[in-house]
Every structure is written in structure tokens, then in C-alpha cells.
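Trainee: mmCIF, C-alpha atoms and all ligand atoms, saved as query-v7.cif, coming up:
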data_target
#
loop_
_atom_site.label_atom_id
_atom_site.label_comp_id
_atom_site.auth_asym_id
_atom_site.auth_seq_id
_atom_site.Cartn_x
_atom_site.Cartn_y
_atom_site.Cartn_z
CA MET A 1 18.90 0.43 -9.55
CA SER A 2 17.77 3.06 -12.05
CA GLU A 3 15.42 5.98 -11.34
CA PRO A 4 11.72 5.22 -11.93
CA ALA A 5 10.69 6.39 -15.37
CA ARG A 6 7.95 8.95 -14.75
CA LEU A 7 4.76 9.17 -16.75
CA PRO A 8 3.28 12.69 -17.10
CA LYS A 9 1.85 13.75 -13.72
CA LYS A 10 -1.78 14.64 -13.14
CA LYS A 11 -2.62 17.54 -10.82
CA LEU A 12 -0.35 16.25 -8.07
CA ARG A 13 2.26 18.37 -6.35
CA ALA A 14 5.61 16.89 -5.45
CA TYR A 15 7.72 18.15 -2.53
CA PRO A 16 11.41 17.21 -2.71
CA ALA A 17 12.97 15.94 0.49
CA GLY A 18 16.59 14.77 0.60
CA ARG A 19 17.04 11.71 -1.63
CA GLY A 20 13.30 11.52 -2.24
CA GLU A 21 10.00 13.33 -2.42
CA PHE A 22 6.45 13.48 -1.13
CA ILE A 23 3.52 13.53 -3.50
CA CYS A 24 0.45 15.33 -2.16
CA GLY A 25 -2.79 13.65 -3.23
CA ASP A 26 -4.56 10.32 -3.44
CA CYS A 27 -1.96 7.54 -3.65
CA MET A 28 -3.98 5.87 -6.41
CA GLU A 29 -3.23 8.81 -8.67
CA GLY A 30 0.28 9.08 -7.26
CA MET A 31 1.08 5.48 -8.14
CA GLN A 32 -0.32 5.95 -11.64
CA THR A 33 2.63 8.30 -12.25
CA LEU A 34 5.16 5.54 -11.42
CA ALA A 35 6.48 3.07 -13.97
CA ASP A 36 5.91 -0.70 -13.67
CA GLU A 37 8.33 -2.50 -11.33
CA SER A 38 10.10 0.71 -10.25
CA VAL A 39 10.00 0.18 -6.47
CA ILE A 40 11.81 -2.45 -4.38
CA LEU A 41 10.02 -2.00 -1.07
CA ALA A 42 6.68 -0.54 0.00
CA PHE A 43 6.01 0.02 3.67
CA THR A 44 2.89 1.66 5.00
CA SER A 45 0.26 1.90 7.67
CA PRO A 46 -3.05 2.52 5.89
CA PRO A 47 -5.86 4.59 7.38
CA TYR A 48 -7.55 2.23 9.85
CA HIS A 49 -11.10 1.86 8.54
CA ASN A 50 -13.17 4.37 10.55
CA ALA A 51 -10.55 5.28 13.14
CA ILE A 52 -9.60 8.83 12.20
CA ASN A 53 -10.88 11.60 9.96
CA TYR A 54 -7.48 13.02 8.93
CA ALA A 55 -8.89 16.07 7.13
CA ASP A 56 -10.66 16.99 10.39
CA HIS A 57 -7.53 16.32 12.44
CA VAL A 58 -5.52 18.70 10.29
CA LYS A 59 -8.19 21.41 10.71
CA LYS A 60 -7.96 20.89 14.47
CA LEU A 61 -4.16 21.28 14.27
CA SER A 62 -4.49 24.67 12.60
CA GLY A 63 -7.27 25.78 15.00
CA GLU A 64 -10.02 25.82 12.33
CA ILE A 65 -12.22 23.47 14.39
CA GLY A 66 -12.29 22.55 18.08
CA ARG A 67 -12.46 18.76 17.86
CA TRP A 68 -12.25 16.06 15.26
CA GLU A 69 -14.53 13.06 14.75
CA ARG A 70 -14.10 9.54 13.50
CA ALA A 71 -14.48 8.95 9.78
CA GLU A 72 -17.68 7.19 8.72
CA MET A 73 -17.15 4.49 6.13
CA SER A 74 -18.67 1.04 5.52
CA TYR A 75 -16.31 -1.92 5.81
CA GLY A 76 -17.16 -2.93 2.22
CA PHE A 77 -16.19 0.51 0.91
CA TYR A 78 -12.98 0.40 2.96
CA LYS A 79 -12.08 -3.00 1.50
CA THR A 80 -12.62 -1.70 -2.06
CA PHE A 81 -10.52 1.40 -1.27
CA LEU A 82 -7.59 -0.67 0.04
CA VAL A 83 -7.71 -3.54 -2.45
CA GLY A 84 -7.71 -1.13 -5.42
CA ARG A 85 -4.64 0.67 -4.10
CA PHE A 86 -2.69 -2.48 -3.20
CA LYS A 87 -3.46 -3.85 -6.66
CA GLU A 88 -1.92 -0.76 -8.21
CA LEU A 89 1.02 -1.17 -5.80
CA LEU A 90 1.57 -4.70 -7.15
CA ARG A 91 2.17 -3.14 -10.56
CA VAL A 92 4.81 -0.68 -9.34
CA VAL A 93 6.76 -3.09 -7.09
CA LYS A 94 9.54 -5.07 -8.75
CA GLN A 95 9.21 -8.87 -8.92
CA GLY A 96 10.68 -10.29 -5.73
CA GLY A 97 10.14 -6.93 -3.98
CA HIS A 98 8.17 -6.55 -0.77
CA ASN A 99 5.01 -4.89 0.50
CA VAL A 100 5.05 -4.49 4.28
CA VAL A 101 1.90 -3.32 6.05
CA ASN A 102 1.25 -2.25 9.64
CA LEU A 103 -2.32 -3.02 10.75
CA SER A 104 -4.37 -3.99 13.78
CA PRO A 105 -7.96 -5.07 14.40
CA VAL A 106 -10.42 -2.16 14.41
CA ALA A 107 -13.39 -1.35 16.63
CA TRP A 108 -16.62 -1.17 14.65
CA GLN A 109 -20.23 -1.30 15.78
CA GLY A 110 -19.26 -2.56 19.22
CA ARG A 111 -17.01 -5.39 18.10
CA ARG A 112 -13.40 -5.98 17.11
CA VAL A 113 -13.09 -6.54 13.38
CA PRO A 114 -10.07 -8.74 12.53
CA LEU A 115 -8.77 -6.43 9.79
CA PRO A 116 -5.21 -7.90 9.55
CA PHE A 117 -6.60 -11.41 9.05
CA HIS A 118 -9.07 -10.29 6.39
CA PHE A 119 -6.30 -8.22 4.79
CA VAL A 120 -4.04 -11.26 4.23
CA GLY A 121 -6.83 -12.95 2.24
CA TRP A 122 -7.49 -9.78 0.22
CA MET A 123 -3.79 -9.48 -0.67
CA GLU A 124 -3.47 -13.14 -1.67
CA GLU A 125 -6.53 -12.81 -3.93
CA ILE A 126 -4.90 -9.98 -5.91
CA GLY A 127 -1.53 -11.72 -6.29
CA TRP A 128 0.68 -10.83 -3.31
CA ARG A 129 2.42 -13.78 -1.62
CA PHE A 130 2.22 -13.82 2.17
CA LYS A 131 5.69 -14.06 3.72
CA GLU A 132 5.92 -13.04 7.41
CA ASP A 133 3.78 -11.92 10.32
CA ILE A 134 5.62 -9.82 12.87
CA ILE A 135 4.07 -8.63 16.12
CA TRP A 136 4.91 -5.06 17.11
CA GLU A 137 4.81 -5.24 20.91
CA LYS A 138 4.38 -1.71 22.16
CA GLY A 139 5.09 -2.17 25.84
CA VAL A 140 3.02 0.88 26.68
CA VAL A 141 -0.75 0.37 26.85
CA ARG A 142 -3.14 3.31 26.48
CA ASP A 143 -6.53 1.58 26.83
CA LYS A 144 -8.16 0.33 30.02
CA ARG A 145 -9.96 -2.75 28.69
CA SER A 146 -8.36 -5.10 31.19
CA GLY A 147 -9.90 -3.06 34.06
CA VAL A 148 -13.26 -4.75 33.39
CA LEU A 149 -12.01 -8.00 34.97
CA MET A 150 -10.82 -6.07 38.01
CA GLN A 151 -14.38 -4.87 38.55
CA HIS A 152 -16.00 -8.20 37.62
CA PRO A 153 -13.55 -11.00 38.48
CA TYR A 154 -15.59 -13.71 36.76
CA PRO A 155 -15.22 -15.78 33.58
CA GLY A 156 -16.44 -13.91 30.52
CA TYR A 157 -15.09 -10.51 31.58
CA TYR A 158 -11.62 -10.88 30.09
CA TYR A 159 -10.77 -8.04 27.69
CA PRO A 160 -6.97 -7.82 27.39
CA SER A 161 -5.45 -4.37 26.92
CA LEU A 162 -4.27 -3.83 23.38
CA ALA A 163 -0.48 -3.74 23.45
CA ALA A 164 0.37 -5.06 19.97
CA GLU A 165 -0.09 -4.42 16.26
CA TYR A 166 0.79 -6.56 13.24
CA ILE A 167 3.48 -6.06 10.64
CA LEU A 168 2.52 -8.21 7.64
CA VAL A 169 5.11 -8.91 4.97
CA PHE A 170 4.07 -9.79 1.41
CA GLN A 171 6.22 -10.40 -1.64
CA LYS A 172 5.57 -9.95 -5.34
CA PRO A 173 6.20 -13.38 -6.89
CA ALA A 174 8.88 -13.48 -9.58
CA GLY A 175 8.65 -15.46 -12.79
CA LYS A 176 11.93 -17.30 -12.28
CA LYS A 177 12.68 -18.96 -8.94
CA ARG A 178 16.20 -17.51 -8.73
CA GLU A 179 14.84 -13.98 -9.18
CA ASN A 180 12.53 -14.45 -6.23
CA ASN A 181 14.61 -12.39 -3.90
CA ILE A 182 15.90 -8.86 -3.85
CA TYR A 183 19.53 -9.94 -3.42
CA HIS A 184 19.45 -11.53 -6.87
CA ASN A 185 21.93 -9.78 -9.23
CA ARG A 186 23.45 -7.49 -6.54
CA THR A 187 27.15 -6.84 -6.96
CA ALA A 188 29.64 -7.53 -4.16
CA ALA A 189 30.02 -3.74 -3.74
CA GLU A 190 26.25 -3.28 -3.35
CA LYS A 191 26.14 -6.05 -0.75
CA ARG A 192 29.07 -4.51 1.11
CA ALA A 193 27.40 -1.09 1.16
CA SER A 194 24.23 -2.52 2.69
CA ARG A 195 25.84 -5.00 5.08
CA LEU A 196 23.86 -5.11 8.32
CA ASN A 197 25.20 -4.28 11.74
CA MET A 198 24.32 -7.45 13.64
CA GLU A 199 24.42 -5.80 17.06
CA GLY A 200 21.05 -6.32 18.75
CA TYR A 201 20.06 -9.00 16.24
CA GLN A 202 19.38 -11.55 18.99
CA GLU A 203 16.29 -9.56 19.98
CA GLN A 204 15.26 -8.80 16.38
CA SER A 205 15.68 -12.42 15.23
CA LYS A 206 12.24 -13.22 16.71
CA ASN A 207 9.00 -12.16 15.04
CA ILE A 208 8.07 -10.10 18.07
CA TRP A 209 9.56 -6.61 17.97
CA ASN A 210 9.42 -4.64 21.17
CA ILE A 211 9.40 -0.95 20.18
CA ARG A 212 8.11 1.98 22.19
CA PRO A 213 5.32 3.90 20.40
CA VAL A 214 5.73 7.59 19.54
CA ALA A 215 4.72 9.96 22.37
CA PRO A 216 2.09 12.57 21.36
CA ARG A 217 4.51 15.52 21.72
CA GLU A 218 7.07 13.94 19.35
CA ASN A 219 5.02 14.15 16.15
CA ILE A 220 2.01 16.16 14.90
CA HIS A 221 0.36 13.08 13.36
CA PRO A 222 -2.31 11.31 15.47
CA CYS A 223 -0.89 7.82 14.81
CA PRO A 224 2.69 7.81 13.50
CA PHE A 225 4.70 4.63 13.70
CA PRO A 226 8.12 4.82 15.38
CA GLU A 227 11.18 5.41 13.24
CA GLU A 228 12.76 2.25 14.68
CA LEU A 229 9.95 0.18 13.16
CA ALA A 230 10.50 1.74 9.74
CA ARG A 231 14.28 1.44 10.13
CA ARG A 232 14.06 -2.33 10.64
CA VAL A 233 11.73 -2.85 7.68
CA VAL A 234 13.82 -0.66 5.37
CA GLN A 235 17.14 -2.25 6.35
CA TYR A 236 15.87 -5.85 6.09
CA TYR A 237 13.97 -5.48 2.81
CA SER A 238 15.95 -3.01 0.66
CA TYR A 239 19.50 -2.14 -0.39
CA LYS A 240 21.17 1.26 -0.46
CA ASN A 241 19.88 3.45 -3.32
CA ASP A 242 16.79 1.26 -3.81
CA ILE A 243 13.47 3.09 -4.00
CA VAL A 244 11.23 2.75 -0.95
CA LEU A 245 7.59 3.84 -1.25
CA ASP A 246 5.03 4.65 1.44
CA ILE A 247 1.60 5.12 -0.15
CA PHE A 248 -0.03 6.50 3.06
CA SER A 249 3.02 8.32 4.35
CA GLY A 250 1.46 10.60 7.01
CA SER A 251 4.29 12.45 8.75
CA GLY A 252 6.87 10.70 6.56
CA VAL A 253 8.45 8.29 9.05
CA THR A 254 9.21 5.70 6.33
CA ASN A 255 10.88 8.43 4.26
CA ILE A 256 12.86 9.64 7.27
CA ALA A 257 14.17 6.12 7.99
CA ALA A 258 14.93 5.56 4.29
CA GLU A 259 16.82 8.86 4.09
CA ARG A 260 19.02 7.95 7.06
CA LEU A 261 19.73 4.53 5.52
CA GLY A 262 20.76 5.92 2.12
CA ARG A 263 17.68 4.74 0.22
CA LYS A 264 15.66 6.80 -2.27
CA HIS A 265 12.11 7.33 -1.12
CA ILE A 266 8.65 8.41 -2.20
CA GLY A 267 5.83 9.26 0.20
CA MET A 268 2.20 9.80 -0.83
CA GLU A 269 -0.19 11.64 1.44
CA THR A 270 -3.42 13.62 1.05
CA GLU A 271 -2.79 16.07 3.92
CA LYS A 272 -0.14 18.70 3.13
CA LYS A 273 0.37 19.52 6.82
CA TYR A 274 1.77 16.04 7.48
CA ILE A 275 4.01 16.33 4.41
CA ASP A 276 5.40 19.63 5.72
CA PHE A 277 6.40 17.84 8.93
CA GLY A 278 8.21 15.07 7.00
CA VAL A 279 9.98 17.55 4.71
CA ALA A 280 11.20 19.55 7.74
CA GLU A 281 12.49 16.41 9.51
CA ILE A 282 14.38 15.30 6.40
CA LYS A 283 15.87 18.77 6.04
CA LYS A 284 17.32 18.34 9.54
CA ILE A 285 18.95 15.06 8.47
CA THR A 286 20.46 16.49 5.29
CA ARG A 287 21.79 19.50 7.22
CA GLY A 288 23.21 17.17 9.85
CA VAL A 289 21.17 18.82 12.65
C1 LIG B 1 -2.17 5.53 9.57
S1 LIG B 1 -1.75 7.04 8.83
C2 LIG B 1 -0.04 6.85 8.41
C3 LIG B 1 0.89 7.37 9.46
C4 LIG B 1 2.34 7.29 9.08
N1 LIG B 1 2.82 5.91 9.05
C5 LIG B 1 3.24 8.08 10.04
O1 LIG B 1 4.09 7.47 10.67
O2 LIG B 1 3.01 9.30 10.19
C6 LIG B 1 -2.52 6.98 7.26
C7 LIG B 1 -2.37 8.24 6.42
O3 LIG B 1 -2.98 8.03 5.15
C8 LIG B 1 -3.44 9.29 4.67
N2 LIG B 1 -4.39 9.01 3.59
C9 LIG B 1 -5.71 8.68 3.68
N3 LIG B 1 -6.23 8.43 2.46
C10 LIG B 1 -5.21 8.58 1.57
C11 LIG B 1 -5.09 8.42 0.16
N4 LIG B 1 -6.13 8.09 -0.58
N5 LIG B 1 -3.88 8.63 -0.42
C12 LIG B 1 -2.80 8.98 0.33
N6 LIG B 1 -2.85 9.16 1.67
C13 LIG B 1 -4.03 8.95 2.29
C14 LIG B 1 -4.02 9.95 5.91
O4 LIG B 1 -4.09 11.36 5.79
C15 LIG B 1 -3.02 9.49 6.99
O5 LIG B 1 -2.03 10.46 7.23
#
As C-alpha cells - that is how I would like this structure written.
Mentor:
Amino acid sequence: MSEPARLPKKKLRAYPAGRGEFICGDCMEGMQTLADESVILAFTSPPYHNAINYADHVKKLSGEIGRWERAEMSYGFYKTFLVGRFKELLRVVKQGGHNVVNLSPVAWQGRRVPLPFHFVGWMEEIGWRFKEDIIWEKGVVRDKRSGVLMQHPYPGYYYPSLAAEYILVFQKPAGKKRENNIYHNRTAAEKRASRLNMEGYQEQSKNIWNIRPVAPRENIHPCPFPEELARRVVQYYSYKNDIVLDIFSGSGVTNIAAERLGRKHIGMETEKKYIDFGVAEIKKITRGV
């Protein structure tokens, strides 16, 4: 695969990291600097509607404020924000390439909004083809919803604890049927270099992945996904030296997994503090620490 041809950059700063880089700024502007069809795989976990005010969280990290609040945003505005960015992503992903998204329902105005299910419809409307739904089973549960039934053991009081998130896989349709997959046109040497280690595949062959979430002390980000999650996505949906993009890269876990697997990578993130964390982690990999 060739390097993405770059259009002149706007006021965005890039931070090199191993085989890739992080771009600090709005991913909409970041993607506008990438050429059409230059990326094979996109993997991300977008900001969850009103869950976290990241700018506030970063100020809390550096001691500027004592506590951080939720972000306030209407669901309609959130939909427009996401759809616009995933439309731009469709332009930069190669035909047959994938767009993998980690999402879960969100709490809003006292109810659970089925964001992942709405999201599938939004993606199909703009041209992505739905391919897989994978459940990320976290094992560890942090909420106490199920305790309600313990206090009121009657029908109507069942609120299961939230132990899972969704990994939704979409593909950019290709014009010709035979080009509809990323293994099309790979040489034998490229296939050999990216051959998968099938150890542990029995467990991963099901669309339920049991992966422990990241403990708070392991990462500065308030909601990073585990490297093992990113590792599976990157190894199943890209080849060595392909370009992997995370448009809401946070602490850079997608980039970290891509670096270890010999992929090129681009992360886009508005908060520089999170980028600094990702750059430092990738430095450890390249130094063999
Ligand atoms: C759910 S978090 C991603 C966490 C990441 N997967 C990790 O493991 O650290 C979403 C991230 O999107 C960033 N973000 C929000 N709006 C953005 C935008 N317009 N462009 C780029 N990044 C944005 C937030 O600062 C936040 O770090």
C-alpha cells in the first residue's frame, strides 16, 4: 500500500509516533487532509453523546478544576456531529475497507437511548454496509443496577447490570464484487507477513469477546478501550503496512495496537494531553521497553 497523498494541512499539529502520527484537532478537519481511499481500516470509539466533557476532564487532570461535569448536547446535534464525520470517513476509506465502531446505549433524560441500534441505520443511510455485530463482554461490572431487584424482588424491577458494549463492523462497498474484500490483490508475501496465529481462536471465533476493561490506574483517559480489543480488530481487518485510522483516538490505544502489529497508523484527537500519553506509550514500544 502506498502512503496517503496529503493535501495541504490547515492549522492542525501532527505528532509523530513510531510508524504513525497523531493529529491534534477536530477529526473532520483532520480527515480533510487525507486523500480519497487512503485508509484500509478505521477503528474508533466516539464520544458517547453526553457522557463526558473531555475538555473538563483534561483540566481536572492538570489540577485546573476540582471536578468535571457531563457534556450537554441534544441527541439531534450529536447525530449530526457523528453522521458528518462518518460520511467524511467513507471518503477516506478504501473500497472494501472497514469501519469498526465501539458503542453502547447511553443514559439520557432518565432512559436508555439505544445509540448502537440508531447508529447502524445512520451508517447505512450514508453508504456504509453493515457487516458484523460483536459483543464486548467485560466480565467486570461497575454499576449497581441489578441491586434494585434485590431490594424489590417483584416483576418490573429488573435492571440488569451493564456488562457489555457493542463492536459494530461496517464495510465500504466496492464497485466490483471481487474487490469487495481487503485480501483482493495481496501478494503471497503480504499474506505470509500477516498470517494469523490461530492460538486462542476457538474463543475468538464467536461474536462475543470476553476482554477485561482497562483499570483506572492503567491509563489517564476516562474511558479507554483495552489494547486487546484494538489488537483483534486491527489483526482481523488489516494487513501489515496498511494504514489504520482512529478518528477519536483518545489515549491512542488503536495506534498502540497498530504499532505493535506493524501497521501504519493515524490518530485524531482534540485533547493534546491524551495524545501525549499515546506518543509516550508508542515511544516505549519503539525503544523496546
Ligand atoms: C470515547 S473517547 C476514545 C477513547 C479511546 N478509544 C482510548 O482508548 O483512549 C472519545 C475521544 O474523542 C475525542 N473527541 C471528541 N470530539 C472530537 C473531535 N471532534 N475530533 C477528534 N476527537 C474528538 C475526545 O476528547 C475523546 O478523547
Trainee: Ligand LIG 1 (chain B): which residues are within 7 Å, counting only C-alpha atoms and all ligand atoms, as a PDB file with C-alpha atoms, keeping the file's coordinate frame?
Mentor:
ATOM      1  CA  GLY A  25      -2.790  13.650  -3.230  1.00  0.00           C
ATOM      2  CA  ASP A  26      -4.560  10.320  -3.440  1.00  0.00           C
ATOM      3  CA  CYS A  27      -1.960   7.540  -3.650  1.00  0.00           C
ATOM      4  CA  MET A  28      -3.980   5.870  -6.410  1.00  0.00           C
ATOM      5  CA  THR A  44       2.890   1.660   5.000  1.00  0.00           C
ATOM      6  CA  SER A  45       0.260   1.900   7.670  1.00  0.00           C
ATOM      7  CA  PRO A  46      -3.050   2.520   5.890  1.00  0.00           C
ATOM      8  CA  PRO A  47      -5.860   4.590   7.380  1.00  0.00           C
ATOM      9  CA  TYR A  48      -7.550   2.230   9.850  1.00  0.00           C
ATOM     10  CA  TYR A  54      -7.480  13.020   8.930  1.00  0.00           C
ATOM     11  CA  ALA A  55      -8.890  16.070   7.130  1.00  0.00           C
ATOM     12  CA  HIS A 221       0.360  13.080  13.360  1.00  0.00           C
ATOM     13  CA  CYS A 223      -0.890   7.820  14.810  1.00  0.00           C
ATOM     14  CA  PRO A 224       2.690   7.810  13.500  1.00  0.00           C
ATOM     15  CA  PHE A 225       4.700   4.630  13.700  1.00  0.00           C
ATOM     16  CA  PRO A 226       8.120   4.820  15.380  1.00  0.00           C
ATOM     17  CA  ILE A 247       1.600   5.120  -0.150  1.00  0.00           C
ATOM     18  CA  PHE A 248      -0.030   6.500   3.060  1.00  0.00           C
ATOM     19  CA  SER A 249       3.020   8.320   4.350  1.00  0.00           C
ATOM     20  CA  GLY A 250       1.460  10.600   7.010  1.00  0.00           C
ATOM     21  CA  SER A 251       4.290  12.450   8.750  1.00  0.00           C
ATOM     22  CA  GLY A 252       6.870  10.700   6.560  1.00  0.00           C
ATOM     23  CA  VAL A 253       8.450   8.290   9.050  1.00  0.00           C
ATOM     24  CA  THR A 254       9.210   5.700   6.330  1.00  0.00           C
ATOM     25  CA  MET A 268       2.200   9.800  -0.830  1.00  0.00           C
ATOM     26  CA  GLU A 269      -0.190  11.640   1.440  1.00  0.00           C
ATOM     27  CA  THR A 270      -3.420  13.620   1.050  1.00  0.00           C
ATOM     28  CA  GLU A 271      -2.790  16.070   3.920  1.00  0.00           C
ATOM     29  CA  TYR A 274       1.770  16.040   7.480  1.00  0.00           C
TER      30      TYR A 274
END
Trainee: With only C-alpha atoms as the counted atoms, please give the residues lying no more than 12 Å from A:His118, apart from itself and same-chain residues fewer than 2 positions off, as an NGL selection string.
Mentor: :A and (75-76 or 78-79 or 82-83 or 103-106 or 113-116 or 120-125 or 168)
Trainee: Given the point (20.0, 2.8, 1.0) in the coordinates of this file, which residues lie within 10 Å, counting all atoms listed in the file, and how would they look as a list in words?
Mentor: Arg19, Glu190, Ala193, Ser194, Val234, Gln235, Ser238, Tyr239, Lys240, Asn241, Asp242, Ile243, Val244, Ala257, Ala258, Glu259, Arg260, Leu261, Gly262, Arg263, Lys264 and His265 of chain A
Trainee: Just to confirm, what's the straight-line distance from atom CA of A:Asn255 to atom CA of A:Glu64 in Å (one decimal)?
Mentor: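 Atom-to-atom, atom CA of A:Asn255 to atom CA of A:Glu64, that is 28.4 Å.
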Trainee: Let me know the centre plus edge lengths, in Å and rounded to one decimal, of a box with edges along x, y and z that contains all listed atoms of stretch 135-153 of chain A and is padded by 5 Å on every side, as lines of an AutoDock Vina configuration file.
Mentor:
center_x = -5.5
center_y = -3.8
center_z = 27.3
size_x = 31.1
size_y = 24.3
size_z = 32.4
Trainee: In Å, how far is it from atom CA of A:Leu245 to atom CA of A:Asp36?
Mentor: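 These two atoms are separated by 13.3 Å.
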Trainee: What is the distance, in Å and to one decimal place, between atom CA of A:Leu90 and atom CA of A:Trp128?
Mentor: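 So the two atoms, atom CA of A:Leu90 and atom CA of A:Trp128, lie 7.3 Å apart.
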Trainee: For A:Trp136, which of A:Lys206, A:Lys177, A:Arg13, A:Lys60 is the closest residue, counting only C-alpha atoms?
Mentor: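 Among the listed residues, the smallest separation from A:Trp136 belongs to A:Lys206.
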